[in-house]
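Raw contents of coords-v4.txt, compact mmCIF, C-alpha atoms:
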# COMPACT_ATOMS: atom_id res chain seq x y z
CA MET A 1 91.66 92.40 133.65
CA LYS A 2 90.55 95.53 131.81
CA GLU A 3 89.98 97.41 135.05
CA PHE A 4 93.67 97.45 135.83
CA GLU A 5 94.51 98.75 132.34
CA ASN A 6 91.80 101.40 132.53
CA TYR A 7 93.04 102.45 135.94
CA LEU A 8 96.56 103.00 134.59
CA LYS A 9 95.28 104.83 131.53
CA ALA A 10 93.08 107.11 133.63
CA ASN A 11 95.99 107.95 135.90
CA LYS A 12 98.56 108.42 133.19
CA GLN A 13 99.54 111.85 134.50
CA LYS A 14 100.43 110.39 137.89
CA LEU A 15 102.91 108.12 136.12
CA GLU A 16 104.83 111.11 134.82
CA ILE A 17 108.17 112.26 136.14
CA ASP A 18 107.93 114.85 138.92
CA GLN A 19 111.21 116.65 138.53
CA ILE A 20 113.14 117.66 135.45
CA ASP A 21 116.81 118.39 135.40
CA GLU A 22 117.31 122.07 134.48
CA SER A 23 120.37 121.13 132.41
CA ILE A 24 118.04 119.78 129.69
CA TRP A 25 116.64 123.24 129.02
CA GLN A 26 120.07 124.83 129.29
CA GLY A 27 121.29 122.43 126.60
CA ILE A 28 118.39 123.40 124.34
CA ALA A 29 118.75 127.13 124.97
CA SER A 30 122.47 127.08 124.30
CA GLN A 31 121.90 125.52 120.89
CA ILE A 32 118.92 127.62 119.86
CA ALA A 33 120.72 130.90 119.32
CA PRO A 34 123.10 129.81 116.55
CA THR A 35 120.51 127.73 114.71
CA LYS A 36 118.32 130.61 113.48
CA LYS A 37 119.87 132.58 110.65
CA ARG A 38 118.70 135.75 109.02
CA SER A 39 116.14 135.13 106.34
CA TYR A 40 118.11 136.57 103.42
CA LYS A 41 120.83 134.02 104.08
CA LYS A 42 118.20 131.30 103.95
CA LEU A 43 116.93 132.60 100.62
CA THR A 44 120.43 132.68 99.16
CA CYS A 45 121.04 129.11 100.28
CA LEU A 46 117.71 128.06 98.81
CA PHE A 47 118.54 129.71 95.49
CA ILE A 48 121.96 128.05 95.33
CA ALA A 49 120.45 124.68 96.25
CA LEU A 50 117.86 125.07 93.49
CA LEU A 51 120.53 125.93 90.97
CA VAL A 52 122.65 122.93 91.98
CA LEU A 53 119.57 120.73 91.81
CA LEU A 54 118.72 121.86 88.28
CA LEU A 55 122.27 121.40 87.10
CA GLY A 56 122.46 118.02 88.83
CA SER A 57 119.21 116.85 87.25
CA PHE A 58 120.47 117.84 83.80
CA ILE A 59 123.77 115.99 84.26
CA PHE A 60 121.98 113.00 85.78
CA TYR A 61 119.62 112.85 82.80
CA LYS A 62 122.54 112.84 80.36
CA ILE A 63 124.42 110.19 82.34
CA SER A 64 121.36 108.00 82.89
CA VAL A 65 120.59 107.81 79.17
CA LYS A 66 124.17 106.73 78.56
CA THR A 67 124.17 104.34 81.53
CA GLU A 68 120.91 102.71 80.53
CA THR A 69 122.34 101.69 77.16
CA LEU A 70 125.47 100.45 78.89
CA GLU A 71 123.41 98.53 81.44
CA ASN A 72 121.40 96.78 78.73
CA ARG A 73 124.59 95.80 76.93
CA VAL A 74 126.17 94.34 80.09
CA ILE A 75 122.99 92.48 81.02
CA ALA A 76 122.70 90.97 77.53
CA GLN A 77 126.33 89.88 77.63
CA PHE A 78 125.80 87.98 80.91
CA ASP A 79 122.48 86.56 79.72
CA LEU A 80 120.53 88.19 82.55
CA GLY A 81 117.81 89.62 80.32
CA GLN A 82 115.19 87.22 81.69
CA TYR A 83 115.12 89.09 85.03
CA ASN A 84 114.09 92.43 83.50
CA PHE A 85 116.35 94.22 85.95
CA VAL A 86 116.61 97.52 84.10
CA GLN A 87 112.85 97.68 83.56
CA GLN A 88 112.18 96.89 87.23
CA VAL A 89 114.66 99.47 88.46
CA ASN A 90 113.29 102.12 86.10
CA TYR A 91 109.70 101.41 87.07
CA LYS A 92 110.46 101.59 90.82
CA ARG A 93 112.54 104.75 90.39
CA GLN A 94 109.79 106.47 88.43
CA LYS A 95 107.26 105.48 91.07
CA LEU A 96 109.49 106.88 93.84
CA ALA A 97 110.11 110.09 91.92
CA LYS A 98 106.37 110.81 92.08
CA GLU A 99 106.17 110.30 95.85
CA THR A 100 106.03 113.20 98.28
CA ILE A 101 106.77 113.23 102.01
CA PRO A 102 106.70 115.96 104.68
CA ALA A 103 109.83 118.09 104.44
CA ASP A 104 110.72 117.47 108.07
CA GLN A 105 110.78 113.71 107.49
CA LEU A 106 113.17 113.83 104.53
CA GLU A 107 116.17 112.85 106.61
CA ARG A 108 114.52 109.52 107.42
CA VAL A 109 114.96 108.39 103.82
CA GLN A 110 118.20 110.27 103.25
CA ILE A 111 120.47 107.40 104.29
CA LEU A 112 118.65 105.01 101.95
CA LEU A 113 118.94 107.50 99.09
CA GLN A 114 122.65 107.80 99.79
CA GLN A 115 122.96 104.03 99.59
CA LEU A 116 121.17 104.12 96.25
CA ALA A 117 123.53 106.80 94.94
CA PHE A 118 126.43 104.66 96.14
CA MET A 119 125.04 101.67 94.22
CA ASP A 120 124.73 103.76 91.07
CA GLU A 121 128.42 104.56 91.42
CA GLN A 122 129.21 100.92 92.08
CA PHE A 123 127.83 99.91 88.68
CA HIS A 124 130.49 102.08 87.04
CA ASP A 125 133.16 100.06 88.87
CA TYR A 126 131.84 96.93 87.18
CA THR A 127 131.82 98.50 83.74
CA ASP A 128 135.33 99.88 84.28
CA TYR A 129 136.50 96.39 85.22
CA ILE A 130 134.82 94.87 82.18
CA GLU A 131 136.40 97.48 79.96
CA LYS A 132 139.87 96.57 81.24
CA ASN A 133 139.51 92.81 81.69
CA GLY A 134 136.67 91.75 79.43
CA TYR A 135 133.49 89.88 80.40
CA GLN A 136 134.20 87.33 83.15
CA LYS A 137 131.77 84.94 84.79
CA PHE A 138 132.23 86.17 88.36
CA ILE A 139 131.36 89.72 87.33
CA GLY A 140 128.11 88.36 85.92
CA GLU A 141 127.32 86.82 89.32
CA GLN A 142 128.15 90.07 91.06
CA ILE A 143 125.90 92.01 88.71
CA LEU A 144 123.06 89.59 89.46
CA ASN A 145 123.52 90.23 93.20
CA PHE A 146 123.91 93.93 92.55
CA TYR A 147 120.51 94.23 90.86
CA THR A 148 118.79 92.05 93.44
CA SER A 149 120.11 94.29 96.23
CA LYS A 150 119.24 97.45 94.30
CA ILE A 151 115.64 96.34 93.81
CA GLU A 152 115.40 95.43 97.50
CA LEU A 153 116.72 98.87 98.41
CA LEU A 154 114.18 100.60 96.15
CA ASP A 155 111.40 98.56 97.81
CA LYS A 156 112.73 99.55 101.22
CA ILE A 157 112.63 103.24 100.29
CA GLN A 158 109.05 102.80 99.07
CA ASP A 159 108.08 101.10 102.37
CA GLU A 160 109.68 103.86 104.42
CA ILE A 161 107.80 106.53 102.46
CA GLU A 162 104.53 104.69 103.00
CA LYS A 163 105.23 104.49 106.72
CA ILE A 164 106.02 108.21 106.92
CA ASN A 165 102.89 109.18 105.01
CA TYR A 166 100.73 106.85 107.08
CA TYR A 167 101.71 108.70 110.25
CA GLU A 168 101.55 112.08 108.57
CA GLU A 169 97.97 111.39 107.57
CA LYS A 170 97.19 110.36 111.12
CA ILE A 171 98.71 113.40 112.79
CA GLN A 172 97.97 115.86 109.96
CA THR A 173 100.60 118.44 110.74
CA SER A 174 100.13 120.26 107.43
CA THR A 175 103.89 120.17 107.02
CA PRO A 176 104.76 121.06 103.41
CA LYS A 177 105.44 118.02 101.27
CA VAL A 178 108.45 117.63 99.04
CA ASN A 179 109.45 115.21 96.30
CA ILE A 180 112.11 112.56 96.82
CA GLN A 181 115.15 113.52 94.81
CA ILE A 182 115.91 110.23 93.19
CA MET B 1 93.23 131.59 128.70
CA ASN B 2 92.17 128.34 127.03
CA LYS B 3 95.13 125.93 126.89
CA GLY B 4 94.79 125.36 123.14
CA ILE B 5 94.76 129.08 122.40
CA TYR B 6 97.69 129.57 124.75
CA ILE B 7 99.72 126.96 122.85
CA VAL B 8 98.80 128.51 119.51
CA ALA B 9 99.97 131.89 120.80
CA LEU B 10 103.24 130.43 122.07
CA VAL B 11 103.96 128.57 118.84
CA SER B 12 103.31 131.75 116.84
CA LYS B 13 105.84 133.57 119.02
CA VAL B 14 108.39 130.78 118.67
CA LYS B 15 108.04 131.16 114.90
CA VAL B 16 109.49 134.65 115.27
CA ASN B 17 112.34 133.35 117.43
CA ASP B 18 110.91 134.19 120.85
CA LEU B 19 113.06 132.20 123.26
CA ASP B 20 110.77 132.90 126.24
CA ALA B 21 107.86 131.38 124.36
CA MET B 22 110.00 128.34 123.60
CA ARG B 23 110.80 128.05 127.29
CA ALA B 24 107.07 128.21 128.10
CA LEU B 25 106.38 125.46 125.57
CA TYR B 26 109.18 123.42 127.10
CA ASP B 27 107.74 123.90 130.59
CA GLY B 28 104.35 122.82 129.34
CA PHE B 29 105.42 119.66 127.58
CA ALA B 30 108.76 118.54 129.03
CA LYS B 31 107.43 116.28 131.81
CA GLU B 32 105.05 114.46 129.50
CA MET B 33 107.68 114.00 126.80
CA LEU B 34 110.37 112.95 129.24
CA SER B 35 108.04 110.37 130.81
CA THR B 36 107.01 109.02 127.40
CA SER B 37 110.59 108.68 126.24
CA LEU B 38 111.83 107.19 129.53
CA ARG B 39 109.18 104.49 129.43
CA ILE B 40 110.48 103.51 126.00
CA THR B 41 114.24 103.80 126.55
CA ASN B 42 114.49 103.04 130.30
CA SER B 43 117.60 105.19 130.47
CA MET B 44 117.41 108.66 132.01
CA ALA B 45 120.68 109.88 130.49
CA ASP B 46 119.68 108.83 126.98
CA THR B 47 116.17 110.16 127.47
CA GLN B 48 117.54 113.57 128.41
CA ASP B 49 119.54 113.62 125.17
CA ILE B 50 116.47 112.57 123.19
CA ILE B 51 114.35 115.30 124.78
CA GLN B 52 116.97 117.95 124.08
CA GLU B 53 117.30 116.81 120.50
CA SER B 54 113.51 116.64 120.01
CA PHE B 55 112.75 120.10 121.42
CA LEU B 56 115.60 121.56 119.42
CA TYR B 57 114.33 119.87 116.26
CA SER B 58 110.82 121.18 116.91
CA TYR B 59 112.25 124.69 117.28
CA GLN B 60 114.26 124.49 114.07
CA LYS B 61 111.36 123.08 112.05
CA ILE B 62 108.52 124.98 113.69
CA GLU B 63 107.79 127.01 110.56
CA GLN B 64 106.60 123.80 108.93
CA LEU B 65 103.92 123.29 111.57
CA GLN B 66 100.89 125.01 110.09
CA ASP B 67 98.33 123.97 112.69
CA GLU B 68 99.88 125.43 115.83
CA ALA B 69 97.32 123.74 118.06
CA LYS B 70 98.86 120.38 117.17
CA TYR B 71 102.28 121.23 118.54
CA GLY B 72 101.93 118.68 121.36
CA ALA B 73 100.97 115.81 119.05
CA TRP B 74 103.72 116.78 116.61
CA LEU B 75 106.33 116.99 119.35
CA LYS B 76 105.23 113.66 120.79
CA ARG B 77 105.66 112.03 117.40
CA ILE B 78 109.19 113.44 117.20
CA VAL B 79 109.98 112.20 120.72
CA ILE B 80 108.56 108.73 120.08
CA ASN B 81 110.36 108.46 116.73
CA ASN B 82 113.65 109.49 118.31
CA SER B 83 113.16 107.12 121.24
CA ILE B 84 112.39 104.23 118.92
CA LYS B 85 115.37 105.09 116.74
CA PHE B 86 117.48 104.88 119.88
CA ILE B 87 116.12 101.55 121.13
CA LYS B 88 116.35 99.96 117.70
CA GLN B 89 120.10 100.22 118.03
CA ARG B 90 120.14 98.14 121.18
CA ARG B 91 116.86 96.27 121.21
CA SER B 92 116.33 92.57 121.56
CA PHE B 93 112.86 91.31 122.32
CA ASP B 94 112.85 88.76 125.09
CA ARG B 95 111.20 85.54 124.20
CA ILE B 96 107.85 85.32 125.84
CA ASP B 97 107.39 81.60 126.19
CA THR B 98 106.55 82.10 129.82
CA VAL B 99 103.38 84.06 129.08
CA ASN B 100 101.16 81.07 129.56
CA ASN B 101 102.77 80.29 132.89
CA LEU B 102 101.55 83.55 134.33
CA CYS B 103 98.13 82.59 135.53
CA ILE B 104 95.95 85.62 136.14
CA GLU B 105 92.30 85.36 136.96
CA GLU B 106 89.95 87.31 134.70
CA TYR B 107 87.99 89.04 137.42
CA GLU B 108 89.08 90.16 140.85
CA LYS B 109 88.52 92.94 143.31
CA PRO B 110 90.37 96.11 142.38
CA TRP B 111 93.36 95.55 144.64
CA PHE B 112 95.44 98.21 142.84
CA TYR B 113 93.61 101.32 144.10
CA GLU B 114 95.81 101.48 147.17
CA LEU B 115 99.08 101.27 145.29
CA ASP B 116 101.48 104.19 145.34
CA PHE B 117 102.07 105.54 141.82
CA GLU B 118 105.79 105.78 142.53
CA ILE B 119 105.84 102.00 142.92
CA ILE B 120 103.83 101.50 139.72
CA LYS B 121 106.27 103.78 137.89
CA GLN B 122 109.25 101.79 139.20
CA GLN B 123 107.68 98.49 138.24
CA ILE B 124 106.88 99.73 134.72
CA GLN B 125 110.55 100.67 134.30
CA LYS B 126 111.54 97.19 135.50
CA LEU B 127 109.58 95.44 132.74
CA PRO B 128 111.75 93.77 130.07
CA ASP B 129 112.72 96.21 127.30
CA GLY B 130 110.64 94.93 124.37
CA CYS B 131 107.38 94.48 126.22
CA ARG B 132 107.78 97.74 128.19
CA GLU B 133 108.09 99.70 124.94
CA ILE B 134 104.95 98.11 123.54
CA PHE B 135 103.09 98.50 126.83
CA SER B 136 103.87 102.23 126.86
CA LEU B 137 102.99 102.82 123.24
CA TYR B 138 99.74 100.84 123.37
CA LEU B 139 98.30 101.65 126.76
CA LEU B 140 99.68 105.09 127.53
CA GLU B 141 100.28 106.60 124.08
CA GLU B 142 97.25 104.89 122.55
CA TYR B 143 98.96 103.60 119.44
CA THR B 144 97.28 100.61 117.78
CA HIS B 145 99.08 97.27 117.53
CA LYS B 146 99.25 97.77 113.76
CA GLU B 147 101.02 101.11 114.22
CA ILE B 148 103.38 99.64 116.83
CA ALA B 149 104.19 96.73 114.54
CA MET B 150 105.14 99.16 111.78
CA LEU B 151 107.18 101.38 114.08
CA LEU B 152 109.11 98.61 115.77
CA ASP B 153 109.36 96.24 112.80
CA VAL B 154 107.58 93.43 114.59
CA SER B 155 104.43 91.51 113.69
CA VAL B 156 101.02 92.60 114.96
CA SER B 157 100.62 89.32 116.85
CA ASN B 158 104.03 89.80 118.46
CA SER B 159 103.01 93.28 119.56
CA LYS B 160 99.83 91.87 121.11
CA SER B 161 101.66 89.06 122.87
CA GLN B 162 104.31 91.41 124.23
CA TYR B 163 101.60 93.74 125.52
CA ARG B 164 99.67 90.96 127.22
CA TYR B 165 102.90 89.70 128.74
CA ALA B 166 103.75 93.19 130.06
CA ILE B 167 100.33 93.62 131.66
CA LYS B 168 100.41 90.19 133.25
CA LEU B 169 103.92 90.61 134.53
CA LEU B 170 103.22 94.08 135.90
CA ARG B 171 100.08 92.89 137.70
CA LYS B 172 101.87 89.88 139.10
CA ARG B 173 104.75 91.96 140.46
CA LEU B 174 102.53 94.69 141.86
CA LYS B 175 100.19 92.21 143.45
CA HIS B 176 103.13 90.48 145.04
CA LEU B 177 104.15 93.80 146.59
CA THR B 178 100.72 94.32 148.14
CA ILE B 179 100.80 90.99 149.99

structure tokens encoding of this file:
Amino acid sequence: MKEFENYLKANKQKLEIDQIDESIWQGIASQIAPTKKRSYKKLTCLFIALLVLLLGSFIFYKISVKTETLENRVIAQFDLGQYNFVQQVNYKRQKLAKETIPADQLERVQILLQQLAFMDEQFHDYTDYIEKNGYQKFIGEQILNFYTSKIELLDKIQDEIEKINYYEEKIQTSTPKVNIQI
Amino acid sequence: MNKGIYIVALVSKVKVNDLDAMRALYDGFAKEMLSTSLRITNSMADTQDIIQESFLYSYQKIEQLQDEAKYGAWLKRIVINNSIKFIKQRRSFDRIDTVNNLCIEEYEKPWFYELDFEIIKQQIQKLPDGCREIFSLYLLEEYTHKEIAMLLDVSVSNSKSQYRYAIKLLRKRLKHLTI
């Protein structure tokens, strides 16, 4: 049984493709030229990004303090305190904020982070509704589902980061690591 | 020149935007990467897109690769990740209830030495999607079942079963061709 497997493994190169279509390289070459910019442009972009990040963090901090109080009030009103949603979300967020991943793998978690940002926005829709229409039972149910999904999403991000770092450790590319902006 | 040193030299040149060096890297790795991706996707057109995208990505991010000697391993990871991302959009693992019906004796004379590698290649591509992907990753790319399970979001035991099924099916089909 093993002999057959060993035979294939030993002859792996013979299982490779013989000919490659030249159009593959042409496609790569045609896209390479415009992708590299002059370094000063890169630095300017980096500086602007840093500035936006700092400003964003400051605004986020202000909003999150306000939101947290609002969240606790809404949760108390719907009698959902027993689930410790806010504490769970905060704990998982703090844990994620400390994580680092290789810079070139950031886009793998980007879509999940976008979903999280979308959920943060969604909570404001609930509070807006409550403000206009008062506390109604169905909103309470939606908020329960909302937090359950949010916690699942945070766990998913954590899993993805662990996967990325597992492979990074295995390959050891020495790619610079960056924090997750959460 | 030693191959490792040659690759390091090429990667260093690519870092300063040397297109000829990138072409040399492409020539050195394209066949291997294309074969790896094709065994996973089983679609030449999609594989060509994946290879283009992967080489391009490696070029754009090459400054992040500090150990130039590991370019091949790094590129392969990009190719495998992109190939898996592609198959996840269309994948469905075939049920493998028939595994036990494939009776293969444990020891036999090495009948496969005479086989043409073109035929083996064709038969690998004809394996069902799910088990072909696992077969390629485990046997030819030397990933562990634990790693495959994580990559493909399947259980470790499922990965093992799919692999065993692929091997048995491949042997059965190839053996049939030799008769």

Determine, for each residue of chain B having at least one atom at most 7 Å from an atom of chain A, the closest pair of atoms and their separation in Å to one decimal, counting all atoms listed in the file; order by chain and ascending number, as JSON lines.
{"residue": "B:Lys31", "atom": "CA", "partner": "A:Ile17", "partner_atom": "CA", "distance": 6.0}
{"residue": "B:Glu32", "atom": "CA", "partner": "A:Glu16", "partner_atom": "CA", "distance": 6.3}
{"residue": "B:Ser35", "atom": "CA", "partner": "A:Glu16", "partner_atom": "CA", "distance": 5.2}
{"residue": "B:Gln48", "atom": "CA", "partner": "A:Ile24", "partner_atom": "CA", "distance": 6.4}
{"residue": "B:Gln52", "atom": "CA", "partner": "A:Ile28", "partner_atom": "CA", "distance": 5.6}
{"residue": "B:Leu56", "atom": "CA", "partner": "A:Ile28", "partner_atom": "CA", "distance": 5.9}
{"residue": "B:Lys61", "atom": "CA", "partner": "A:Asp104", "partner_atom": "CA", "distance": 6.9}
{"residue": "B:Gln64", "atom": "CA", "partner": "A:Thr175", "partner_atom": "CA", "distance": 4.9}
{"residue": "B:Leu65", "atom": "CA", "partner": "A:Thr175", "partner_atom": "CA", "distance": 5.5}
{"residue": "B:Gln66", "atom": "CA", "partner": "A:Ser174", "partner_atom": "CA", "distance": 5.5}
{"residue": "B:Asp67", "atom": "CA", "partner": "A:Thr173", "partner_atom": "CA", "distance": 6.3}
{"residue": "B:Lys70", "atom": "CA", "partner": "A:Thr173", "partner_atom": "CA", "distance": 6.9}
{"residue": "B:Trp74", "atom": "CA", "partner": "A:Thr173", "partner_atom": "CA", "distance": 6.9}
{"residue": "B:Glu106", "atom": "CA", "partner": "A:Met1", "partner_atom": "CA", "distance": 5.5}
{"residue": "B:Tyr107", "atom": "CA", "partner": "A:Met1", "partner_atom": "CA", "distance": 6.2}
{"residue": "B:Phe117", "atom": "CA", "partner": "A:Leu15", "partner_atom": "CA", "distance": 6.3}
{"residue": "B:Lys121", "atom": "CA", "partner": "A:Leu15", "partner_atom": "CA", "distance": 5.8}
{"residue": "B:Leu139", "atom": "CA", "partner": "A:Lys9", "partner_atom": "CA", "distance": 6.5}
{"residue": "B:Leu140", "atom": "CA", "partner": "A:Lys9", "partner_atom": "CA", "distance": 6.0}

So that I have them on file, write out the residues from the current selection with C-alpha atoms, as a compact mmCIF listing (two decimals), in the coordinates of the input.
# COMPACT_ATOMS: atom_id res chain seq x y z
CA LYS B 31 107.43 116.28 131.81
CA GLU B 32 105.05 114.46 129.50
CA SER B 35 108.04 110.37 130.81
CA GLN B 48 117.54 113.57 128.41
CA GLN B 52 116.97 117.95 124.08
CA LEU B 56 115.60 121.56 119.42
CA LYS B 61 111.36 123.08 112.05
CA GLN B 64 106.60 123.80 108.93
CA LEU B 65 103.92 123.29 111.57
CA GLN B 66 100.89 125.01 110.09
CA ASP B 67 98.33 123.97 112.69
CA LYS B 70 98.86 120.38 117.17
CA TRP B 74 103.72 116.78 116.61
CA GLU B 106 89.95 87.31 134.70
CA TYR B 107 87.99 89.04 137.42
CA PHE B 117 102.07 105.54 141.82
CA LYS B 121 106.27 103.78 137.89
CA LEU B 139 98.30 101.65 126.76
CA LEU B 140 99.68 105.09 127.53

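In terms of minimum interatomic distance to Gln123 (chain B), B:Lys172 ranks closest within B:Lys172, B:Lys3, B:Arg77, B:Lys13, counting all atoms listed in the file.
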
Skipping near chain neighbours, those fewer than 2 positions away, what residues fall within 6 Å of region 153-168 of chain B using all atoms listed in the file, listed as a PyMOL selection string? chain B and resi 99+131+134-135+145-146+149-151+170-171

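Take the candidates A:Ala49, A:Ile143, A:Leu55, A:Ile182 and check each one against Lys92 (chain A) using all atoms listed in the file; the shortest distance goes to A:Ile182.
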
If I take CA of Gly28 (chain B) and CA of Ile119 (chain B), how far is one from the other in Å, to one decimal? 24.9 Å

Quick one: residues within 12 Å of Asp128 (chain A), all atoms listed in the file counted, chain neighbours fewer than 6 positions away excluded, as a short mmCIF file (atom, residue, chain, number, x, y, z; two decimals) with C-alpha atoms, in the coordinates of the input?
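Listed below is the output, result_9.cif:
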data_model
loop_
_atom_site.label_atom_id
_atom_site.label_comp_id
_atom_site.auth_asym_id
_atom_site.auth_seq_id
_atom_site.Cartn_x
_atom_site.Cartn_y
_atom_site.Cartn_z
CA LEU A 70 125.47 100.45 78.89
CA VAL A 74 126.17 94.34 80.09
CA GLU A 121 128.42 104.56 91.42
CA GLN A 122 129.21 100.92 92.08
CA GLY A 134 136.67 91.75 79.43
CA TYR A 135 133.49 89.88 80.40
CA ILE A 139 131.36 89.72 87.33
#

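With all atoms listed in the file as the atoms that count, the minimum distance from Ser83 (chain B) to the choices B:Asp27, B:Glu118, B:Asp20, B:Asp49 is reached by B:Asp49.
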
What's around Gln181 (chain A) at 9 Å? Count only C-alpha atoms, leave out sequence neighbours fewer than 2 positions away in its own chain, and write the answer as a PDB file with C-alpha atoms, in the coordinates of the input.
ATOM      1  CA  LEU A  53     119.570 120.730  91.810  1.00  0.00           C
ATOM      2  CA  LEU A  96     109.490 106.880  93.840  1.00  0.00           C
ATOM      3  CA  ALA A  97     110.110 110.090  91.920  1.00  0.00           C
ATOM      4  CA  LEU A 113     118.940 107.500  99.090  1.00  0.00           C
ATOM      5  CA  VAL A 178     108.450 117.630  99.040  1.00  0.00           C
ATOM      6  CA  ASN A 179     109.450 115.210  96.300  1.00  0.00           C
TER       7      ASN A 179
END

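Taking CA of Pro110 (chain B) and CA of Lys175 (chain B) as the two end points, the separation is 10.6 Å.
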
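Nearest to Glu71 (chain A) of all the residues A:Phe58, A:Val52, A:Phe123, A:Asn165 is A:Phe123, counting only C-alpha atoms.
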
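With CA of Ile87 (chain B) on one side and CA of Thr41 (chain B) on the other, the separation reads 6.2 Å.
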
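Shortest separation to Asn90 (chain A) among A:Ile157, A:Ile151, A:Leu46, A:Leu116 occurs at residue A:Ile151, atoms counted being only C-alpha atoms.
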
I'd like the neighbourhood of Lys98 (chain A) as a PDB file with C-alpha atoms, keeping the file's coordinate frame, where a residue qualifies if any of its atoms comes within 9 Å (using all atoms listed in the file), though same-chain residues fewer than 3 positions away should be ignored.
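Now in out.pdb:
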ATOM      1  CA  ARG A  93     112.540 104.750  90.390  1.00  0.00           C
ATOM      2  CA  GLN A  94     109.790 106.470  88.430  1.00  0.00           C
ATOM      3  CA  LYS A  95     107.260 105.480  91.070  1.00  0.00           C
ATOM      4  CA  ASN A 179     109.450 115.210  96.300  1.00  0.00           C
ATOM      5  CA  ILE A 180     112.110 112.560  96.820  1.00  0.00           C
TER       6      ILE A 180
END
